[in-house]
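entry_30.txt follows; it contains compact mmCIF, C-alpha atoms and all ligand atoms.
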```
# COMPACT_ATOMS: atom_id res chain seq x y z
CA LEU A 1 7.10 -13.43 5.29
CA GLY A 2 7.47 -11.65 8.60
CA ARG A 3 9.78 -14.33 10.02
CA PHE A 4 12.20 -11.58 11.04
CA VAL A 5 10.33 -8.85 12.86
CA HIS A 6 11.86 -5.63 14.13
CA PHE A 7 9.44 -3.98 16.51
CA PHE A 8 9.82 -0.40 17.74
CA GLU A 9 7.86 1.82 20.12
CA SER A 10 8.65 4.99 18.22
CA VAL A 11 10.56 5.62 14.99
CA GLU A 12 10.90 8.36 12.40
CA SER A 13 9.64 6.06 9.67
CA THR A 14 9.56 2.27 9.30
CA GLN A 15 10.50 2.82 5.61
CA LYS A 16 13.75 4.44 6.63
CA ILE A 17 14.67 1.55 8.93
CA ALA A 18 13.71 -1.04 6.30
CA HIS A 19 15.97 0.71 3.75
CA ARG A 20 18.84 0.60 6.22
CA LEU A 21 18.27 -3.08 7.02
CA ALA A 22 18.12 -3.83 3.28
CA GLN A 23 21.53 -2.26 2.83
CA GLU A 24 22.82 -4.34 5.72
CA ASN A 25 21.75 -7.47 3.78
CA ALA A 26 18.63 -8.30 5.79
CA ASP A 27 16.70 -11.29 4.46
CA GLU A 28 13.60 -11.24 2.32
CA GLY A 29 10.54 -11.22 4.55
CA THR A 30 12.03 -8.87 7.16
CA LEU A 31 9.27 -6.78 8.70
CA VAL A 32 9.67 -3.45 10.49
CA ILE A 33 6.70 -2.42 12.58
CA ALA A 34 6.21 0.48 14.98
CA GLU A 35 3.67 1.75 17.49
CA GLU A 36 4.26 5.31 16.35
CA GLN A 37 6.07 7.16 13.55
CA VAL A 38 7.10 10.74 14.12
CA SER A 39 7.84 11.43 10.47
CA GLY A 40 5.82 8.88 8.54
CA ARG A 41 6.11 9.40 4.78
CA GLY A 42 3.46 9.20 2.11
CA ARG A 43 3.70 9.30 -1.67
CA MET A 44 4.98 12.44 -3.38
CA ALA A 45 6.82 13.70 -0.32
CA ARG A 46 3.63 13.97 1.73
CA THR A 47 3.66 13.21 5.44
CA TRP A 48 1.71 10.28 6.84
CA TYR A 49 0.03 10.84 10.20
CA SER A 50 0.96 7.83 12.39
CA PRO A 51 -0.11 8.35 16.02
CA LYS A 52 0.79 5.97 18.82
CA GLY A 53 -1.06 2.71 19.35
CA THR A 54 -4.00 3.17 17.00
CA GLY A 55 -2.79 2.12 13.58
CA ILE A 56 -0.62 -0.35 11.70
CA TRP A 57 2.61 1.23 10.52
CA MET A 58 4.87 -1.32 8.87
CA SER A 59 7.38 -1.94 6.08
CA LEU A 60 8.10 -5.30 4.50
CA LEU A 61 11.33 -6.12 2.68
CA LEU A 62 11.21 -8.34 -0.43
CA ARG A 63 13.98 -9.29 -2.82
CA PRO A 64 12.31 -10.43 -6.03
CA SER A 65 14.68 -11.27 -8.92
CA LEU A 66 13.03 -8.90 -11.34
CA PRO A 67 13.77 -5.75 -13.33
CA PRO A 68 12.74 -2.46 -11.64
CA GLN A 69 9.89 -1.92 -14.18
CA LYS A 70 7.96 -4.65 -12.38
CA ALA A 71 7.92 -2.80 -9.06
CA PRO A 72 4.46 -1.15 -9.48
CA GLN A 73 2.94 -4.64 -9.57
CA PHE A 74 3.84 -5.04 -5.91
CA THR A 75 1.68 -2.10 -4.86
CA LEU A 76 -1.22 -3.93 -6.53
CA ILE A 77 -0.32 -7.26 -4.90
CA ALA A 78 -0.22 -5.54 -1.49
CA ALA A 79 -3.54 -3.80 -2.15
CA VAL A 80 -5.29 -7.09 -2.88
CA ALA A 81 -3.72 -8.76 0.20
CA ILE A 82 -4.83 -5.91 2.48
CA VAL A 83 -8.38 -5.58 1.06
CA GLU A 84 -9.00 -9.28 1.58
CA ALA A 85 -7.51 -9.20 5.10
CA ILE A 86 -9.74 -6.28 6.15
CA GLU A 87 -12.81 -7.93 4.63
CA LYS A 88 -12.10 -11.18 6.45
CA VAL A 89 -11.06 -9.84 9.87
CA CYS A 90 -13.32 -6.77 10.07
CA GLY A 91 -16.18 -7.65 7.70
CA LEU A 92 -15.84 -4.29 5.93
CA LYS A 93 -16.01 -3.69 2.17
CA VAL A 94 -12.93 -1.93 0.82
CA ASP A 95 -12.42 -0.26 -2.58
CA ILE A 96 -9.10 0.25 -4.33
CA LYS A 97 -8.40 3.67 -5.80
CA TRP A 98 -5.44 3.53 -8.14
CA PRO A 99 -2.55 3.43 -7.48
CA ASN A 100 -2.28 2.86 -3.80
CA ASP A 101 -5.24 4.05 -1.78
CA LEU A 102 -7.74 1.79 -0.09
CA LEU A 103 -11.06 3.45 0.69
CA ILE A 104 -14.09 2.66 2.80
CA ASN A 105 -17.19 4.71 1.93
CA GLY A 106 -14.98 7.02 -0.13
CA LYS A 107 -12.50 7.78 2.66
CA LYS A 108 -8.92 6.61 2.95
CA ILE A 109 -8.24 3.72 5.29
CA THR A 110 -4.83 2.62 3.99
CA GLY A 111 -1.89 3.97 2.04
CA ILE A 112 0.80 1.87 0.37
CA LEU A 113 4.26 3.15 -0.48
CA THR A 114 6.47 0.87 -2.59
CA GLU A 115 10.12 1.92 -2.77
CA LEU A 116 13.15 0.32 -4.42
CA GLN A 117 16.84 -0.12 -4.31
CA ALA A 118 17.74 -1.24 -7.83
CA ASP A 119 20.04 -0.82 -10.80
CA SER A 120 18.76 -0.58 -14.37
CA GLU A 121 18.41 -4.35 -14.68
CA GLN A 122 17.61 -5.78 -11.29
CA ILE A 123 15.77 -4.99 -8.07
CA HIS A 124 18.03 -5.38 -5.03
CA SER A 125 15.37 -4.69 -2.49
CA LEU A 126 11.75 -3.71 -2.61
CA ILE A 127 10.15 -2.16 0.44
CA ILE A 128 6.38 -2.16 0.78
CA GLY A 129 5.27 0.41 3.35
CA ILE A 130 1.74 -0.06 4.66
CA GLY A 131 -0.17 2.38 6.84
CA ILE A 132 -3.65 1.40 8.10
CA ASN A 133 -5.93 3.49 10.30
CA VAL A 134 -7.36 0.93 12.70
CA ASN A 135 -8.67 2.10 16.07
CA GLN A 136 -8.72 5.90 15.79
CA ASP A 137 -11.82 7.79 16.90
CA ILE A 138 -13.08 10.58 14.69
CA GLU A 139 -11.74 13.20 17.11
CA ASP A 140 -8.25 11.73 16.78
CA PHE A 141 -8.13 13.17 13.25
CA SER A 142 -7.77 16.87 12.54
CA GLU A 143 -10.75 18.43 10.74
CA GLU A 144 -8.79 18.45 7.52
CA ILE A 145 -7.96 14.74 7.80
CA GLN A 146 -11.55 13.88 8.80
CA GLN A 147 -12.66 14.99 5.32
CA ILE A 148 -10.44 12.47 3.55
CA ALA A 149 -9.60 9.68 5.99
CA THR A 150 -11.34 7.19 8.24
CA SER A 151 -10.47 4.21 10.44
CA LEU A 152 -11.75 0.66 10.73
CA HIS A 153 -13.13 1.62 14.15
CA ILE A 154 -15.02 4.66 12.84
CA GLU A 155 -16.54 2.60 10.03
CA SER A 156 -17.64 -0.35 12.19
CA GLY A 157 -17.93 0.87 15.78
CA LYS A 158 -15.66 -2.03 16.77
CA THR A 159 -12.11 -2.14 18.13
CA PHE A 160 -9.74 -4.51 16.37
CA SER A 161 -6.59 -6.44 17.27
CA ARG A 162 -3.89 -4.94 15.09
CA ALA A 163 -1.84 -8.14 15.40
CA GLY A 164 -4.73 -10.17 13.95
CA ILE A 165 -4.93 -7.89 10.91
CA VAL A 166 -1.14 -7.90 10.40
CA GLN A 167 -1.11 -11.70 10.54
CA GLU A 168 -3.85 -11.98 7.91
CA ILE A 169 -2.10 -9.46 5.62
CA LEU A 170 1.19 -11.37 5.82
CA PHE A 171 -0.63 -14.64 5.16
CA ASN A 172 -2.29 -13.15 2.05
CA LEU A 173 0.88 -11.47 0.84
CA GLU A 174 2.76 -14.73 1.07
CA LYS A 175 -0.02 -16.49 -0.85
CA TYR A 176 -0.19 -13.89 -3.63
CA TYR A 177 3.60 -13.56 -3.85
CA ALA A 178 3.72 -17.32 -4.47
CA VAL A 179 0.94 -17.05 -7.10
CA TYR A 180 2.87 -14.21 -8.74
CA ILE A 181 6.12 -16.18 -8.86
CA SER A 182 4.47 -19.32 -10.26
CA GLU A 183 1.72 -17.91 -12.51
CA GLY A 184 2.72 -14.30 -13.16
CA PHE A 185 0.78 -11.09 -12.62
CA GLU A 186 -2.39 -11.91 -14.58
CA PRO A 187 -4.37 -13.69 -11.79
CA ILE A 188 -3.61 -10.88 -9.34
CA LYS A 189 -4.54 -8.21 -11.86
CA GLU A 190 -7.94 -9.88 -12.25
CA ILE A 191 -8.62 -9.78 -8.51
CA TRP A 192 -7.35 -6.19 -8.30
CA GLU A 193 -9.75 -5.11 -11.06
CA LYS A 194 -12.65 -6.59 -9.10
CA TYR A 195 -12.00 -4.18 -6.20
CA ALA A 196 -10.83 -1.17 -8.23
CA ILE A 197 -13.16 1.83 -8.53
CA THR A 198 -10.84 3.77 -10.84
CA ILE A 199 -11.19 1.80 -14.07
CA GLY A 200 -13.76 3.20 -16.51
CA LYS A 201 -13.77 6.61 -14.79
CA HIS A 202 -12.55 10.05 -15.82
CA ILE A 203 -9.76 10.95 -13.46
CA THR A 204 -6.86 13.33 -12.96
CA ALA A 205 -3.65 11.36 -12.47
CA ARG A 206 -0.92 13.21 -10.63
CA THR A 207 2.71 12.19 -10.51
CA LEU A 208 5.57 14.27 -9.12
CA ASN A 209 6.07 16.22 -12.33
CA LYS A 210 2.87 15.98 -14.34
CA GLU A 211 -0.90 15.96 -14.20
CA ILE A 212 -2.98 14.24 -16.88
CA LYS A 213 -6.76 14.17 -17.19
CA GLY A 214 -8.42 11.31 -18.98
CA LEU A 215 -10.29 8.05 -18.95
CA ALA A 216 -8.69 5.29 -16.88
CA SER A 217 -9.08 2.38 -19.27
CA GLY A 218 -7.22 -0.40 -17.47
CA ILE A 219 -4.01 -1.70 -15.99
CA THR A 220 -1.12 -3.05 -18.07
CA ASN A 221 0.62 -6.32 -17.29
CA GLU A 222 3.33 -4.21 -15.68
CA GLY A 223 0.80 -2.88 -13.16
CA VAL A 224 0.76 0.56 -14.77
CA LEU A 225 -2.43 2.57 -15.41
CA LYS A 226 -3.57 3.22 -19.01
CA LEU A 227 -5.08 6.67 -19.32
CA ILE A 228 -6.68 7.95 -22.54
CA ASP A 229 -6.61 11.76 -22.74
CA GLU A 230 -9.07 13.99 -24.66
CA ASN A 231 -6.98 13.68 -27.84
CA GLY A 232 -7.33 9.92 -27.70
CA GLU A 233 -3.71 9.48 -26.80
CA THR A 234 -2.81 6.70 -24.36
CA HIS A 235 -0.53 7.48 -21.43
CA LEU A 236 1.05 4.88 -19.19
CA ILE A 237 1.46 6.14 -15.65
C1 LIG A 301 0.38 7.18 0.80
O1 LIG A 301 -0.83 6.93 0.77
O2 LIG A 301 0.83 8.25 0.42
C2 LIG A 301 1.31 6.11 1.32
C3 LIG A 301 1.39 6.06 2.82
C4 LIG A 301 2.32 5.00 3.37
C5 LIG A 301 2.45 5.05 4.86
C6 LIG A 301 3.25 3.91 5.42
S1 LIG A 301 3.15 3.78 7.18
C7 LIG A 301 4.45 2.64 7.22
C8 LIG A 301 5.48 3.10 6.19
N1 LIG A 301 6.41 4.05 6.80
C9 LIG A 301 6.27 5.28 6.28
O3 LIG A 301 6.94 6.28 6.62
N2 LIG A 301 5.32 5.28 5.31
C10 LIG A 301 4.75 3.95 5.13
```

Would you write out, as structure tokens, the structure that this file holds?
Amino acid sequence: LGRFVHFFESVESTQKIAHRLAQENADEGTLVIAEEQVSGRGRMARTWYSPKGTGIWMSLLLRPSLPPQKAPQFTLIAAVAIVEAIEKVCGLKVDIKWPNDLLINGKKITGILTELQADSEQIHSLIIGIGINVNQDIEDFSEEIQQIATSLHIESGKTFSRAGIVQEILFNLEKYYAVYISEGFEPIKEIWEKYAITIGKHITARTLNKEIKGLASGITNEGVLKLIDENGETHLI
């Protein structure tokens, strides 16, 4: 993975470029990476703050031969690959908050955005967008963002090579993608559950069109969260 790298100084969003490259038949493993994004996107139409030179803003194109229902598993695969890379390179402990947030001391360090081009039976391209706050100082964040986000630098007092972290993430992703293809999702789910702080807690799960409160009881083999509401009904989200 990452054998074909498209590097940009400044882009609207690496996701947008990766989608375009996917439509132009780019190969699996193509990586789009930028120093700055002027309209970085988050989940649920949120914006993702991506200032110049301090973070990792990248999108990776995969082409797994799978039905679209399997796509959520890739957010979990990416989460495990990133957590282990940050632990190894930076020596920091990272928690996973379902579905796609990585937290250090309760504040967001990474967001993952998995998007698809697919028909009802088959994924054509799967784009994993990864945003990591690396070398920002606290004053680089607005007061509002300071409440919810942090950077690897803020948490450790050290400055990190972004290239070193990217390399380790790609190495891990390649490893876990191979595990997934040969052994299925189960081994990755087990590692994910080790880092996840969501399971066993009462949470409010928000999707674009609904909000459900309940007990997060586990992850299905599809990579979907099982939530038991107050009537004892199970929701898959
Ligand atoms: C989230 O937590 O809501 C997901 C954030 C994903 C941000 C990354 S940065 C690289 C890629 N390009 C984007 O525009 N978004 C993703």

Segment 73-83 of chain A environment, 8 Å, only C-alpha atoms, sequence neighbours closer than 4 positions dropped, as a PyMOL selection string: chain A and resi 87+93-96+99-100+102+112-114+128+169-170+172-173+176-177+185+188-189+191-192+222-224

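When all atoms listed in the file are used to compute distances to ligand LIG 301 (chain A), the closest of the residues A:Met58, A:Val5, A:Ala26, A:Leu225 turns out to be A:Met58.
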
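Atom CA of Ala178 of chain A is positioned 19.0 Å from atom CA of Ser59 of chain A.
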
Given only C-alpha atoms as the basis, pick out the residue of A:Gln146, A:Ser182, A:Thr220, A:Gln122 nearest to Ile109 of chain A. A:Gln146

Once you count only C-alpha atoms and all ligand atoms, what closest atom pair and distance in Å to one decimal does each residue of chain A within 6 Å of ligand LIG 301 (chain A) have, with rows by chain and rising residue number, as JSON lines?
```
{"residue": "A:Ser13", "atom": "CA", "partner": "A:LIG301", "partner_atom": "O3", "distance": 4.1}
{"residue": "A:Thr14", "atom": "CA", "partner": "A:LIG301", "partner_atom": "N1", "distance": 4.4}
{"residue": "A:Gln15", "atom": "CA", "partner": "A:LIG301", "partner_atom": "N1", "distance": 4.4}
{"residue": "A:Gly40", "atom": "CA", "partner": "A:LIG301", "partner_atom": "O3", "distance": 3.4}
{"residue": "A:Arg41", "atom": "CA", "partner": "A:LIG301", "partner_atom": "O3", "distance": 3.7}
{"residue": "A:Gly42", "atom": "CA", "partner": "A:LIG301", "partner_atom": "O2", "distance": 3.3}
{"residue": "A:Arg43", "atom": "CA", "partner": "A:LIG301", "partner_atom": "O2", "distance": 3.7}
{"residue": "A:Trp48", "atom": "CA", "partner": "A:LIG301", "partner_atom": "C5", "distance": 5.6}
{"residue": "A:Trp57", "atom": "CA", "partner": "A:LIG301", "partner_atom": "C7", "distance": 4.0}
{"residue": "A:Met58", "atom": "CA", "partner": "A:LIG301", "partner_atom": "C7", "distance": 4.3}
{"residue": "A:Ser59", "atom": "CA", "partner": "A:LIG301", "partner_atom": "C8", "distance": 5.4}
{"residue": "A:Asp101", "atom": "CA", "partner": "A:LIG301", "partner_atom": "O1", "distance": 5.9}
{"residue": "A:Gly111", "atom": "CA", "partner": "A:LIG301", "partner_atom": "O1", "distance": 3.4}
{"residue": "A:Ile112", "atom": "CA", "partner": "A:LIG301", "partner_atom": "C2", "distance": 4.4}
{"residue": "A:Leu113", "atom": "CA", "partner": "A:LIG301", "partner_atom": "C2", "distance": 4.6}
{"residue": "A:Gly129", "atom": "CA", "partner": "A:LIG301", "partner_atom": "C8", "distance": 3.9}
{"residue": "A:Ile130", "atom": "CA", "partner": "A:LIG301", "partner_atom": "C6", "distance": 4.3}
{"residue": "A:Gly131", "atom": "CA", "partner": "A:LIG301", "partner_atom": "S1", "distance": 3.6}
```

What's the 7 Å shell around His235 of chain A, counting only C-alpha atoms, without same-chain residues fewer than 4 positions away, as a ChimeraX atom specification? /A:226-228

Put those residues in a file: C-alpha atoms, as a PDB file, in the coordinates of the input.
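selection_9.pdb was written with the following content:
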```
ATOM      1  CA  LYS A 226      -3.570   3.220 -19.010  1.00  0.00           C
ATOM      2  CA  LEU A 227      -5.080   6.670 -19.320  1.00  0.00           C
ATOM      3  CA  ILE A 228      -6.680   7.950 -22.540  1.00  0.00           C
TER       4      ILE A 228
END
```

Name the residues in contact with Ile145 of chain A at a cut-off of 12 Å, using all atoms listed in the file, excluding same-chain residues fewer than 2 positions from it; report them as a PyMOL selection string. chain A and resi 47-49+107-109+133+136+138-143+147-151

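Of the residues listed (A:Glu121, A:Glu84, A:Asp27, A:Asp137), A:Asp27 shows the shortest atom-to-atom separation from Leu62 of chain A; distances use only C-alpha atoms.
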
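With all atoms listed in the file as the basis for measurement, A:Thr30 is the residue among A:Gln37, A:Thr30, A:Thr234, A:Asn135 that approaches Ala18 of chain A most closely.
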
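A straight line drawn from atom CA of Ser65 of chain A to atom CA of Leu31 of chain A is 19.0 Å long.
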
Got a sec: who's within 12 Å of Glu211 of chain A, counting all atoms listed in the file, leaving out chain neighbours fewer than 3 positions off, as a ChimeraX atom specification? /A:203-208,214,227,229,235,237

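If you look at atom CA of Gln69 of chain A and atom CA of Ser125 of chain A, they are 13.2 Å away from each other.
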
Take the point (-2.8, -11.6, 10.4) in the file's coordinates, draw a sphere of radius 12 Å around it, and report as a PDB file with C-alpha atoms, in the frame of the given file every protein, DNA or RNA residue with an atom inside or on it, counting only C-alpha atoms.
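So the final result, stored in part-v1.pdb, reads:
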```
ATOM      1  CA  LEU A   1       7.100 -13.430   5.290  1.00  0.00           C
ATOM      2  CA  GLY A   2       7.470 -11.650   8.600  1.00  0.00           C
ATOM      3  CA  ILE A  56      -0.620  -0.350  11.700  1.00  0.00           C
ATOM      4  CA  ALA A  81      -3.720  -8.760   0.200  1.00  0.00           C
ATOM      5  CA  ILE A  82      -4.830  -5.910   2.480  1.00  0.00           C
ATOM      6  CA  GLU A  84      -9.000  -9.280   1.580  1.00  0.00           C
ATOM      7  CA  ALA A  85      -7.510  -9.200   5.100  1.00  0.00           C
ATOM      8  CA  ILE A  86      -9.740  -6.280   6.150  1.00  0.00           C
ATOM      9  CA  LYS A  88     -12.100 -11.180   6.450  1.00  0.00           C
ATOM     10  CA  VAL A  89     -11.060  -9.840   9.870  1.00  0.00           C
ATOM     11  CA  CYS A  90     -13.320  -6.770  10.070  1.00  0.00           C
ATOM     12  CA  PHE A 160      -9.740  -4.510  16.370  1.00  0.00           C
ATOM     13  CA  SER A 161      -6.590  -6.440  17.270  1.00  0.00           C
ATOM     14  CA  ARG A 162      -3.890  -4.940  15.090  1.00  0.00           C
ATOM     15  CA  ALA A 163      -1.840  -8.140  15.400  1.00  0.00           C
ATOM     16  CA  GLY A 164      -4.730 -10.170  13.950  1.00  0.00           C
ATOM     17  CA  ILE A 165      -4.930  -7.890  10.910  1.00  0.00           C
ATOM     18  CA  VAL A 166      -1.140  -7.900  10.400  1.00  0.00           C
ATOM     19  CA  GLN A 167      -1.110 -11.700  10.540  1.00  0.00           C
ATOM     20  CA  GLU A 168      -3.850 -11.980   7.910  1.00  0.00           C
ATOM     21  CA  ILE A 169      -2.100  -9.460   5.620  1.00  0.00           C
ATOM     22  CA  LEU A 170       1.190 -11.370   5.820  1.00  0.00           C
ATOM     23  CA  PHE A 171      -0.630 -14.640   5.160  1.00  0.00           C
ATOM     24  CA  ASN A 172      -2.290 -13.150   2.050  1.00  0.00           C
ATOM     25  CA  LEU A 173       0.880 -11.470   0.840  1.00  0.00           C
ATOM     26  CA  GLU A 174       2.760 -14.730   1.070  1.00  0.00           C
TER      27      GLU A 174
END
```

One residue among A:Asn221, A:Ser39, A:Thr110, A:Ser156 is nearest to Leu92 of chain A when using all atoms listed in the file, and that residue is A:Ser156

Would you mind writing segment 140-155 of chain A with N, CA and C atoms, as a compact mmCIF listing (two decimals), in the coordinates of the input?
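Below is the file that was written, out_22.txt:
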```
# COMPACT_ATOMS: atom_id res chain seq x y z
N ASP A 140 -9.70 11.87 16.87
CA ASP A 140 -8.25 11.73 16.78
C ASP A 140 -7.70 12.34 15.49
N PHE A 141 -8.57 12.56 14.51
CA PHE A 141 -8.13 13.17 13.25
C PHE A 141 -8.40 14.67 13.28
N SER A 142 -7.51 15.43 12.69
CA SER A 142 -7.77 16.87 12.54
C SER A 142 -8.97 17.04 11.60
N GLU A 143 -9.57 18.23 11.61
CA GLU A 143 -10.75 18.43 10.74
C GLU A 143 -10.42 18.19 9.28
N GLU A 144 -9.23 18.60 8.91
CA GLU A 144 -8.79 18.45 7.52
C GLU A 144 -8.70 16.95 7.17
N ILE A 145 -8.10 16.18 8.07
CA ILE A 145 -7.96 14.74 7.80
C ILE A 145 -9.31 14.03 7.84
N GLN A 146 -10.20 14.49 8.72
CA GLN A 146 -11.55 13.88 8.80
C GLN A 146 -12.27 13.88 7.45
N GLN A 147 -11.99 14.89 6.62
CA GLN A 147 -12.66 14.99 5.32
C GLN A 147 -12.23 13.86 4.38
N ILE A 148 -10.98 13.41 4.55
CA ILE A 148 -10.44 12.47 3.55
C ILE A 148 -10.12 11.08 4.10
N ALA A 149 -10.05 10.97 5.44
CA ALA A 149 -9.60 9.68 5.99
C ALA A 149 -10.61 9.14 6.99
N THR A 150 -10.50 7.83 7.23
CA THR A 150 -11.34 7.19 8.24
C THR A 150 -10.54 6.04 8.85
N SER A 151 -11.14 5.37 9.84
CA SER A 151 -10.47 4.21 10.44
C SER A 151 -11.43 3.03 10.45
N LEU A 152 -10.89 1.86 10.67
CA LEU A 152 -11.75 0.66 10.73
C LEU A 152 -12.72 0.79 11.89
N HIS A 153 -12.26 1.41 12.98
CA HIS A 153 -13.13 1.62 14.15
C HIS A 153 -14.28 2.58 13.83
N ILE A 154 -13.97 3.68 13.18
CA ILE A 154 -15.02 4.66 12.84
C ILE A 154 -16.07 4.01 11.94
N GLU A 155 -15.61 3.18 11.01
CA GLU A 155 -16.54 2.60 10.03
C GLU A 155 -17.39 1.45 10.60
```
